[in-house]
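Next up, query-v5.txt (compact mmCIF, N, CA and C atoms):
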```txt
# COMPACT_ATOMS: atom_id res chain seq x y z
N MET A 1 114.37 -55.04 -60.80
CA MET A 1 115.14 -55.85 -61.73
C MET A 1 116.49 -55.20 -62.00
N GLU A 2 116.50 -53.90 -62.09
CA GLU A 2 117.74 -53.18 -62.37
C GLU A 2 118.81 -53.49 -61.32
N LYS A 3 118.34 -53.80 -60.08
CA LYS A 3 119.26 -54.12 -58.99
C LYS A 3 119.61 -55.61 -58.94
N GLY A 4 119.13 -56.37 -59.94
CA GLY A 4 119.43 -57.79 -60.00
C GLY A 4 118.49 -58.65 -59.17
N ILE A 5 117.35 -58.08 -58.75
CA ILE A 5 116.37 -58.82 -57.95
C ILE A 5 115.15 -59.11 -58.83
N PRO A 6 114.82 -60.39 -59.03
CA PRO A 6 113.67 -60.70 -59.89
C PRO A 6 112.36 -60.21 -59.26
N LEU A 7 111.43 -59.81 -60.12
CA LEU A 7 110.11 -59.41 -59.65
C LEU A 7 109.32 -60.65 -59.25
N ASN A 8 108.42 -60.47 -58.28
CA ASN A 8 107.53 -61.56 -57.90
C ASN A 8 106.10 -61.19 -58.33
N ASP A 9 105.15 -62.08 -58.05
CA ASP A 9 103.77 -61.83 -58.46
C ASP A 9 103.23 -60.53 -57.89
N GLU A 10 103.54 -60.26 -56.62
CA GLU A 10 103.06 -59.02 -55.99
C GLU A 10 103.59 -57.79 -56.71
N ASP A 11 104.79 -57.86 -57.23
CA ASP A 11 105.36 -56.75 -57.99
C ASP A 11 104.68 -56.60 -59.35
N ARG A 12 104.39 -57.72 -59.98
CA ARG A 12 103.91 -57.71 -61.36
C ARG A 12 102.42 -57.42 -61.51
N ILE A 13 101.58 -57.93 -60.61
CA ILE A 13 100.13 -57.86 -60.80
C ILE A 13 99.62 -56.43 -60.97
N PRO A 14 99.99 -55.46 -60.14
CA PRO A 14 99.47 -54.10 -60.37
C PRO A 14 99.88 -53.55 -61.74
N TRP A 15 101.09 -53.85 -62.17
CA TRP A 15 101.58 -53.41 -63.47
C TRP A 15 100.76 -54.05 -64.58
N LEU A 16 100.48 -55.37 -64.46
CA LEU A 16 99.69 -56.07 -65.47
C LEU A 16 98.26 -55.54 -65.50
N CYS A 17 97.69 -55.21 -64.35
CA CYS A 17 96.34 -54.61 -64.32
C CYS A 17 96.33 -53.26 -65.03
N THR A 18 97.37 -52.48 -64.85
CA THR A 18 97.48 -51.21 -65.57
C THR A 18 97.57 -51.44 -67.07
N LEU A 19 98.35 -52.43 -67.48
CA LEU A 19 98.45 -52.75 -68.90
C LEU A 19 97.10 -53.21 -69.44
N HIS A 20 96.36 -54.01 -68.67
CA HIS A 20 95.02 -54.43 -69.08
C HIS A 20 94.12 -53.21 -69.30
N ASP A 21 94.18 -52.25 -68.38
CA ASP A 21 93.35 -51.04 -68.51
C ASP A 21 93.70 -50.28 -69.78
N ILE A 22 94.98 -50.21 -70.11
CA ILE A 22 95.41 -49.54 -71.34
C ILE A 22 94.88 -50.29 -72.56
N LEU A 23 95.02 -51.62 -72.54
CA LEU A 23 94.51 -52.44 -73.65
C LEU A 23 93.00 -52.30 -73.79
N ARG A 24 92.29 -52.26 -72.68
CA ARG A 24 90.83 -52.10 -72.69
C ARG A 24 90.46 -50.75 -73.32
N ARG A 25 91.18 -49.69 -72.92
CA ARG A 25 90.91 -48.35 -73.46
C ARG A 25 91.15 -48.33 -74.97
N GLU A 26 92.25 -48.91 -75.40
CA GLU A 26 92.56 -48.93 -76.83
C GLU A 26 91.53 -49.76 -77.60
N ASP A 27 91.09 -50.87 -77.01
CA ASP A 27 90.07 -51.71 -77.64
C ASP A 27 88.76 -50.95 -77.78
N ALA A 28 88.37 -50.22 -76.74
CA ALA A 28 87.14 -49.43 -76.78
C ALA A 28 87.21 -48.34 -77.85
N SER A 29 88.42 -47.87 -78.15
CA SER A 29 88.62 -46.85 -79.20
C SER A 29 88.83 -47.48 -80.56
N ARG A 30 88.68 -48.81 -80.62
CA ARG A 30 88.86 -49.58 -81.86
C ARG A 30 90.27 -49.41 -82.43
N GLN A 31 91.24 -49.34 -81.52
CA GLN A 31 92.64 -49.21 -81.92
C GLN A 31 93.30 -50.58 -81.90
N ASN A 32 94.06 -50.88 -82.93
CA ASN A 32 94.92 -52.06 -82.90
C ASN A 32 96.11 -51.73 -82.03
N THR A 33 96.51 -52.66 -81.20
CA THR A 33 97.56 -52.38 -80.23
C THR A 33 98.55 -53.52 -80.19
N ILE A 34 99.82 -53.16 -80.10
CA ILE A 34 100.88 -54.14 -79.87
C ILE A 34 101.51 -53.79 -78.54
N LEU A 35 101.58 -54.76 -77.66
CA LEU A 35 102.16 -54.59 -76.34
C LEU A 35 103.29 -55.59 -76.18
N ALA A 36 104.44 -55.11 -75.80
CA ALA A 36 105.58 -56.00 -75.55
C ALA A 36 105.82 -56.06 -74.05
N CYS A 37 105.67 -57.26 -73.50
CA CYS A 37 105.98 -57.45 -72.08
C CYS A 37 106.24 -58.93 -71.84
N SER A 38 106.87 -59.23 -70.74
CA SER A 38 107.16 -60.63 -70.43
C SER A 38 106.03 -61.18 -69.56
N ALA A 39 104.97 -61.60 -70.21
CA ALA A 39 103.86 -62.24 -69.51
C ALA A 39 104.23 -63.72 -69.35
N LEU A 40 105.13 -63.97 -68.41
CA LEU A 40 105.77 -65.28 -68.29
C LEU A 40 104.84 -66.39 -67.82
N LYS A 41 103.86 -66.04 -67.00
CA LYS A 41 102.98 -67.06 -66.43
C LYS A 41 101.59 -66.98 -67.05
N LYS A 42 100.90 -68.12 -67.02
CA LYS A 42 99.53 -68.16 -67.54
C LYS A 42 98.66 -67.15 -66.79
N MET A 43 98.84 -67.04 -65.48
CA MET A 43 98.06 -66.08 -64.70
C MET A 43 98.28 -64.65 -65.20
N TYR A 44 99.52 -64.32 -65.55
CA TYR A 44 99.81 -62.97 -66.03
C TYR A 44 99.06 -62.69 -67.33
N ARG A 45 98.99 -63.70 -68.19
CA ARG A 45 98.28 -63.54 -69.46
C ARG A 45 96.78 -63.41 -69.22
N ARG A 46 96.26 -64.14 -68.22
CA ARG A 46 94.84 -64.00 -67.88
C ARG A 46 94.55 -62.59 -67.37
N VAL A 47 95.45 -62.00 -66.60
CA VAL A 47 95.26 -60.64 -66.12
C VAL A 47 95.25 -59.66 -67.30
N LEU A 48 96.12 -59.85 -68.26
CA LEU A 48 96.12 -58.97 -69.43
C LEU A 48 94.79 -59.07 -70.18
N ILE A 49 94.21 -60.26 -70.23
CA ILE A 49 92.95 -60.46 -70.94
C ILE A 49 91.75 -59.95 -70.15
N SER A 50 91.70 -60.26 -68.86
CA SER A 50 90.49 -60.01 -68.07
C SER A 50 90.65 -59.01 -66.94
N GLY A 51 91.85 -58.54 -66.66
CA GLY A 51 92.05 -57.59 -65.58
C GLY A 51 92.10 -58.27 -64.22
N ALA A 52 91.87 -57.47 -63.17
CA ALA A 52 91.99 -57.95 -61.80
C ALA A 52 91.06 -59.11 -61.50
N SER A 53 89.94 -59.21 -62.20
CA SER A 53 89.00 -60.30 -61.95
C SER A 53 89.64 -61.67 -62.20
N ALA A 54 90.68 -61.73 -63.02
CA ALA A 54 91.37 -62.99 -63.30
C ALA A 54 92.10 -63.51 -62.06
N ILE A 55 92.45 -62.61 -61.17
CA ILE A 55 93.17 -63.00 -59.95
C ILE A 55 92.18 -63.52 -58.91
N GLU A 56 91.05 -62.85 -58.82
CA GLU A 56 90.07 -63.16 -57.79
C GLU A 56 89.34 -64.47 -58.05
N SER A 57 89.24 -64.84 -59.33
CA SER A 57 88.43 -66.01 -59.63
C SER A 57 88.89 -66.65 -60.92
N ASN A 58 88.79 -67.94 -60.99
CA ASN A 58 89.03 -68.64 -62.24
C ASN A 58 87.72 -68.93 -62.95
N GLN A 59 86.63 -68.33 -62.43
CA GLN A 59 85.31 -68.55 -63.01
C GLN A 59 85.16 -67.75 -64.30
N PRO A 60 84.33 -68.26 -65.23
CA PRO A 60 84.06 -67.48 -66.44
C PRO A 60 83.35 -66.19 -66.09
N GLU A 61 83.46 -65.23 -66.97
CA GLU A 61 82.82 -63.94 -66.74
C GLU A 61 81.32 -64.08 -66.68
N GLN A 62 80.70 -63.24 -65.87
CA GLN A 62 79.25 -63.23 -65.73
C GLN A 62 78.65 -62.28 -66.76
N PRO A 63 77.39 -62.53 -67.17
CA PRO A 63 76.75 -61.61 -68.11
C PRO A 63 76.76 -60.19 -67.54
N GLY A 64 77.01 -59.23 -68.42
CA GLY A 64 77.05 -57.84 -67.99
C GLY A 64 78.44 -57.36 -67.61
N GLU A 65 79.37 -58.28 -67.36
CA GLU A 65 80.74 -57.88 -67.05
C GLU A 65 81.46 -57.51 -68.33
N ASN A 66 82.56 -56.81 -68.20
CA ASN A 66 83.37 -56.50 -69.38
C ASN A 66 83.84 -57.80 -70.00
N PRO A 67 83.61 -57.98 -71.30
CA PRO A 67 84.09 -59.21 -71.92
C PRO A 67 85.61 -59.22 -71.97
N ALA A 68 86.15 -60.41 -71.99
CA ALA A 68 87.61 -60.57 -72.07
C ALA A 68 88.11 -59.98 -73.38
N LEU A 69 89.30 -59.41 -73.32
CA LEU A 69 89.91 -58.88 -74.53
C LEU A 69 90.39 -60.04 -75.41
N LYS A 70 90.35 -59.83 -76.70
CA LYS A 70 90.88 -60.83 -77.64
C LYS A 70 92.33 -60.46 -77.91
N ILE A 71 93.23 -61.27 -77.39
CA ILE A 71 94.66 -61.00 -77.49
C ILE A 71 95.35 -62.20 -78.12
N LEU A 72 96.23 -61.93 -79.08
CA LEU A 72 97.11 -62.96 -79.62
C LEU A 72 98.45 -62.80 -78.92
N PHE A 73 98.85 -63.81 -78.18
CA PHE A 73 100.14 -63.78 -77.51
C PHE A 73 101.19 -64.36 -78.45
N VAL A 74 102.32 -63.68 -78.55
CA VAL A 74 103.43 -64.15 -79.37
C VAL A 74 104.52 -64.59 -78.40
N HIS A 75 104.76 -65.88 -78.38
CA HIS A 75 105.80 -66.45 -77.51
C HIS A 75 107.08 -66.56 -78.35
N LEU A 76 108.03 -65.68 -78.05
CA LEU A 76 109.32 -65.71 -78.73
C LEU A 76 110.18 -66.74 -78.00
N ASP A 77 110.47 -67.83 -78.68
CA ASP A 77 111.11 -68.98 -78.05
C ASP A 77 112.52 -69.17 -78.60
N GLY A 78 113.45 -69.37 -77.70
CA GLY A 78 114.81 -69.63 -78.14
C GLY A 78 115.66 -70.12 -77.00
N PRO A 79 116.81 -70.69 -77.35
CA PRO A 79 117.72 -71.18 -76.31
C PRO A 79 118.32 -70.04 -75.50
N MET A 80 118.63 -70.35 -74.27
CA MET A 80 119.15 -69.32 -73.37
C MET A 80 120.42 -68.66 -73.90
N ASP A 81 121.28 -69.41 -74.59
CA ASP A 81 122.54 -68.81 -75.05
C ASP A 81 122.29 -67.73 -76.11
N ILE A 82 121.31 -67.92 -76.98
CA ILE A 82 121.00 -66.88 -77.98
C ILE A 82 120.43 -65.65 -77.30
N ILE A 83 119.52 -65.87 -76.36
CA ILE A 83 118.91 -64.73 -75.67
C ILE A 83 119.96 -64.01 -74.82
N ALA A 84 120.83 -64.75 -74.17
CA ALA A 84 121.89 -64.14 -73.36
C ALA A 84 122.81 -63.30 -74.24
N SER A 85 123.14 -63.80 -75.41
CA SER A 85 124.00 -63.06 -76.33
C SER A 85 123.36 -61.74 -76.74
N ARG A 86 122.06 -61.77 -77.03
CA ARG A 86 121.36 -60.54 -77.41
C ARG A 86 121.24 -59.58 -76.24
N LEU A 87 121.01 -60.14 -75.06
CA LEU A 87 120.88 -59.31 -73.87
C LEU A 87 122.20 -58.60 -73.56
N GLU A 88 123.31 -59.30 -73.75
CA GLU A 88 124.62 -58.70 -73.50
C GLU A 88 124.91 -57.51 -74.43
N LYS A 89 124.32 -57.53 -75.61
CA LYS A 89 124.56 -56.46 -76.59
C LYS A 89 123.73 -55.22 -76.33
N ARG A 90 122.70 -55.32 -75.48
CA ARG A 90 121.86 -54.16 -75.18
C ARG A 90 122.65 -53.17 -74.33
N ARG A 91 122.42 -51.91 -74.61
CA ARG A 91 123.05 -50.85 -73.81
C ARG A 91 121.96 -50.04 -73.13
N GLY A 92 122.14 -49.78 -71.83
CA GLY A 92 121.20 -48.96 -71.09
C GLY A 92 119.88 -49.64 -70.79
N HIS A 93 119.82 -50.97 -70.87
CA HIS A 93 118.57 -51.69 -70.59
C HIS A 93 118.53 -52.07 -69.12
N PHE A 94 117.32 -52.06 -68.54
CA PHE A 94 117.16 -52.32 -67.11
C PHE A 94 117.37 -53.78 -66.72
N MET A 95 117.29 -54.68 -67.66
CA MET A 95 117.33 -56.13 -67.36
C MET A 95 118.77 -56.63 -67.40
N PRO A 96 119.35 -56.94 -66.23
CA PRO A 96 120.71 -57.48 -66.23
C PRO A 96 120.73 -58.94 -66.66
N LEU A 97 121.80 -59.34 -67.26
CA LEU A 97 121.99 -60.71 -67.73
C LEU A 97 121.79 -61.72 -66.60
N GLU A 98 122.16 -61.35 -65.38
CA GLU A 98 122.06 -62.27 -64.24
C GLU A 98 120.63 -62.73 -63.97
N LEU A 99 119.63 -61.98 -64.44
CA LEU A 99 118.24 -62.35 -64.18
C LEU A 99 117.65 -63.27 -65.25
N LEU A 100 118.39 -63.54 -66.30
CA LEU A 100 117.85 -64.35 -67.38
C LEU A 100 117.43 -65.74 -66.89
N ARG A 101 118.23 -66.37 -66.07
CA ARG A 101 117.90 -67.69 -65.54
C ARG A 101 116.56 -67.65 -64.81
N SER A 102 116.32 -66.60 -64.00
CA SER A 102 115.06 -66.52 -63.25
C SER A 102 113.87 -66.37 -64.21
N GLN A 103 114.08 -65.73 -65.34
CA GLN A 103 113.01 -65.60 -66.34
C GLN A 103 112.66 -66.97 -66.92
N PHE A 104 113.67 -67.75 -67.25
CA PHE A 104 113.43 -69.10 -67.76
C PHE A 104 112.78 -69.99 -66.70
N ASP A 105 113.19 -69.83 -65.44
CA ASP A 105 112.62 -70.63 -64.35
C ASP A 105 111.14 -70.29 -64.12
N THR A 106 110.76 -69.05 -64.33
CA THR A 106 109.39 -68.59 -64.12
C THR A 106 108.49 -68.92 -65.30
N LEU A 107 109.05 -69.03 -66.49
CA LEU A 107 108.28 -69.19 -67.72
C LEU A 107 107.33 -70.38 -67.70
N GLU A 108 106.07 -70.09 -68.00
CA GLU A 108 105.06 -71.10 -68.28
C GLU A 108 104.65 -70.88 -69.73
N PRO A 109 105.25 -71.60 -70.67
CA PRO A 109 104.94 -71.35 -72.08
C PRO A 109 103.44 -71.44 -72.33
N PRO A 110 102.93 -70.61 -73.23
CA PRO A 110 101.50 -70.67 -73.53
C PRO A 110 101.11 -72.06 -74.05
N SER A 111 99.86 -72.41 -73.77
CA SER A 111 99.32 -73.70 -74.23
C SER A 111 97.82 -73.53 -74.45
N ALA A 112 97.23 -74.51 -75.15
CA ALA A 112 95.79 -74.47 -75.41
C ALA A 112 95.06 -74.42 -74.07
N PRO A 113 94.00 -73.68 -73.96
CA PRO A 113 93.26 -72.97 -75.01
C PRO A 113 93.69 -71.51 -75.22
N GLU A 114 94.88 -71.12 -74.72
CA GLU A 114 95.32 -69.74 -74.92
C GLU A 114 95.46 -69.46 -76.42
N ASN A 115 95.24 -68.20 -76.79
CA ASN A 115 95.37 -67.76 -78.17
C ASN A 115 96.82 -67.28 -78.35
N PHE A 116 97.64 -68.10 -78.99
CA PHE A 116 99.07 -67.77 -79.08
C PHE A 116 99.69 -68.41 -80.31
N ILE A 117 100.85 -67.88 -80.65
CA ILE A 117 101.74 -68.53 -81.60
C ILE A 117 103.12 -68.56 -80.94
N THR A 118 103.91 -69.54 -81.33
CA THR A 118 105.30 -69.61 -80.88
C THR A 118 106.18 -69.36 -82.08
N VAL A 119 107.10 -68.41 -81.93
CA VAL A 119 108.00 -68.04 -83.01
C VAL A 119 109.43 -68.26 -82.53
N SER A 120 110.22 -68.94 -83.32
CA SER A 120 111.60 -69.23 -82.95
C SER A 120 112.48 -68.00 -83.13
N LEU A 121 113.26 -67.71 -82.09
CA LEU A 121 114.23 -66.61 -82.16
C LEU A 121 115.45 -66.98 -82.99
N GLU A 122 115.51 -68.22 -83.44
CA GLU A 122 116.62 -68.64 -84.28
C GLU A 122 116.41 -68.23 -85.73
N LYS A 123 115.22 -67.71 -86.04
CA LYS A 123 114.94 -67.19 -87.38
C LYS A 123 115.48 -65.77 -87.49
N SER A 124 115.56 -65.29 -88.72
CA SER A 124 116.00 -63.91 -88.92
C SER A 124 114.87 -62.96 -88.49
N LEU A 125 115.22 -61.72 -88.21
CA LEU A 125 114.22 -60.73 -87.82
C LEU A 125 113.12 -60.59 -88.88
N PRO A 126 113.44 -60.48 -90.17
CA PRO A 126 112.36 -60.40 -91.17
C PRO A 126 111.44 -61.62 -91.15
N GLU A 127 112.00 -62.81 -90.93
CA GLU A 127 111.17 -64.02 -90.86
C GLU A 127 110.25 -63.99 -89.64
N ILE A 128 110.77 -63.52 -88.52
CA ILE A 128 109.98 -63.42 -87.30
C ILE A 128 108.82 -62.46 -87.51
N VAL A 129 109.11 -61.29 -88.06
CA VAL A 129 108.07 -60.28 -88.30
C VAL A 129 107.01 -60.82 -89.26
N LEU A 130 107.43 -61.47 -90.31
CA LEU A 130 106.50 -62.02 -91.30
C LEU A 130 105.59 -63.08 -90.66
N GLU A 131 106.14 -63.93 -89.85
CA GLU A 131 105.35 -64.97 -89.19
C GLU A 131 104.29 -64.35 -88.26
N ILE A 132 104.68 -63.31 -87.53
CA ILE A 132 103.73 -62.62 -86.64
C ILE A 132 102.66 -61.91 -87.47
N GLU A 133 103.06 -61.23 -88.53
CA GLU A 133 102.08 -60.55 -89.39
C GLU A 133 101.07 -61.54 -89.97
N ARG A 134 101.54 -62.67 -90.43
CA ARG A 134 100.63 -63.70 -90.98
C ARG A 134 99.63 -64.16 -89.93
N ALA A 135 100.09 -64.39 -88.71
CA ALA A 135 99.19 -64.85 -87.64
C ALA A 135 98.14 -63.78 -87.32
N ILE A 136 98.56 -62.52 -87.31
CA ILE A 136 97.61 -61.43 -87.04
C ILE A 136 96.58 -61.35 -88.16
N LEU A 137 97.03 -61.38 -89.39
CA LEU A 137 96.10 -61.30 -90.52
C LEU A 137 95.17 -62.50 -90.55
N GLN A 138 95.68 -63.68 -90.26
CA GLN A 138 94.84 -64.87 -90.23
C GLN A 138 93.78 -64.73 -89.12
N GLY A 139 94.18 -64.22 -87.98
CA GLY A 139 93.25 -64.01 -86.87
C GLY A 139 92.16 -63.01 -87.21
N GLU A 140 92.53 -61.95 -87.97
CA GLU A 140 91.54 -60.95 -88.36
C GLU A 140 90.52 -61.55 -89.31
N THR A 141 90.93 -62.41 -90.22
CA THR A 141 89.98 -63.00 -91.16
C THR A 141 89.07 -63.99 -90.44
N LEU A 142 89.57 -64.64 -89.38
CA LEU A 142 88.74 -65.56 -88.62
C LEU A 142 87.66 -64.82 -87.83
N LEU A 143 87.94 -63.57 -87.43
CA LEU A 143 86.98 -62.79 -86.65
C LEU A 143 85.89 -62.18 -87.51
N GLU A 144 86.11 -62.06 -88.82
CA GLU A 144 85.13 -61.40 -89.69
C GLU A 144 83.94 -62.28 -89.96
```
Would you mind writing the file out in structure tokens?
Amino acid sequence: MEKGIPLNDEDRIPWLCTLHDILRREDASRQNTILACSALKKMYRRVLISGASAIESNQPEQPGENPALKILFVHLDGPMDIIASRLEKRRGHFMPLELLRSQFDTLEPPSAPENFITVSLEKSLPEIVLEIERAILQGETLLE
């Protein structure tokens, strides 16, 4: 990406499997975890939840297999001009502005039955954080 070349599925899948393994380890340790990544496609989000098995099959997990992780995806949604403006202000970041269009072209916004919320980037940072915190707390009370 740093060279202005968008990543493809072959580039992303091993990285997403590694992130799944980290999330699984943290879950086994009963750690709350926040992971920031551009899981642009539904398949990428399935890999984060279920690991490599999500690639091999769209079948539900079999008894005895590792259960899927419970993940709340936060889809930060906003117009390209706002995101481009913020991207231009970053210093030393690997993502060049020229790749923003490819990110939008690749994006498959989350949809039911995925566990997600959509938060507008047009809100202030405190409003965004508050909305995410509320969704997390609401999710925790639903699990109890």
Find the residues with any atom within 12 Å of (109.9, -64.9, -56.8); use only C-alpha atoms and the coordinates as given in the file, and write the answer as a list in words.
Met1, Ile5, Pro6, Leu7, Asn8, Asp9, Glu10, Asp11, Arg12, Leu99, Ser102, Gln103, Asp105, Thr106 and Leu107 of chain A
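Residues of chain A assigned to strand (DSSP E or B) by DSSP on this structure's backbone: Phe73, Val74, His75, Leu76, Asp77, Phe116, Ile117, Thr118, Val119 and Ser120 of chain A.
Minimum atom-to-atom distances from A:Leu97, A:Val129, A:Val47, A:Ile71 to Thr18 of chain A were compared using only C-alpha atoms, and the lowest value belongs to A:Val47.
For the pair atom N of Pro14 of chain A and atom CA of Ala52 of chain A, the interatomic distance is 8.5 Å.
Nearest residue to Leu121 of chain A, choosing from A:Leu87, A:Leu16, A:Leu76, A:Leu137 and counting all atoms listed in the file: A:Leu76.
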Students should find that atom N of Leu69 of chain A and atom CA of Ser50 of chain A are spaced 5.4 Å
Do a neighbour search on segment 81-86 of chain A at 10 Å with only C-alpha atoms, toss out local chain neighbours closer than 6 positions, and write the hits as a ChimeraX atom specification. /A:96-98,100-101,121-122
Generate the output file for the selected residues, N, CA and C atoms, as an mmCIF file, in the coordinates of the input.
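selection.cif, freshly written:
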```cif
data_model
loop_
_atom_site.group_PDB
_atom_site.id
_atom_site.type_symbol
_atom_site.label_atom_id
_atom_site.label_comp_id
_atom_site.auth_asym_id
_atom_site.auth_seq_id
_atom_site.Cartn_x
_atom_site.Cartn_y
_atom_site.Cartn_z
ATOM 1 N N PRO A 96 119.350 -56.940 -66.230
ATOM 2 C CA PRO A 96 120.710 -57.480 -66.230
ATOM 3 C C PRO A 96 120.730 -58.940 -66.660
ATOM 4 N N LEU A 97 121.800 -59.340 -67.260
ATOM 5 C CA LEU A 97 121.990 -60.710 -67.730
ATOM 6 C C LEU A 97 121.790 -61.720 -66.600
ATOM 7 N N GLU A 98 122.160 -61.350 -65.380
ATOM 8 C CA GLU A 98 122.060 -62.270 -64.240
ATOM 9 C C GLU A 98 120.630 -62.730 -63.970
ATOM 10 N N LEU A 100 118.390 -63.540 -66.300
ATOM 11 C CA LEU A 100 117.850 -64.350 -67.380
ATOM 12 C C LEU A 100 117.430 -65.740 -66.890
ATOM 13 N N ARG A 101 118.230 -66.370 -66.070
ATOM 14 C CA ARG A 101 117.900 -67.690 -65.540
ATOM 15 C C ARG A 101 116.560 -67.650 -64.810
ATOM 16 N N LEU A 121 113.260 -67.710 -82.090
ATOM 17 C CA LEU A 121 114.230 -66.610 -82.160
ATOM 18 C C LEU A 121 115.450 -66.980 -82.990
ATOM 19 N N GLU A 122 115.510 -68.220 -83.440
ATOM 20 C CA GLU A 122 116.620 -68.640 -84.280
ATOM 21 C C GLU A 122 116.410 -68.230 -85.730
#
```
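Note that the spacing between atom C of Leu72 of chain A and atom C of Glu56 of chain A amounts to 22.8 Å.
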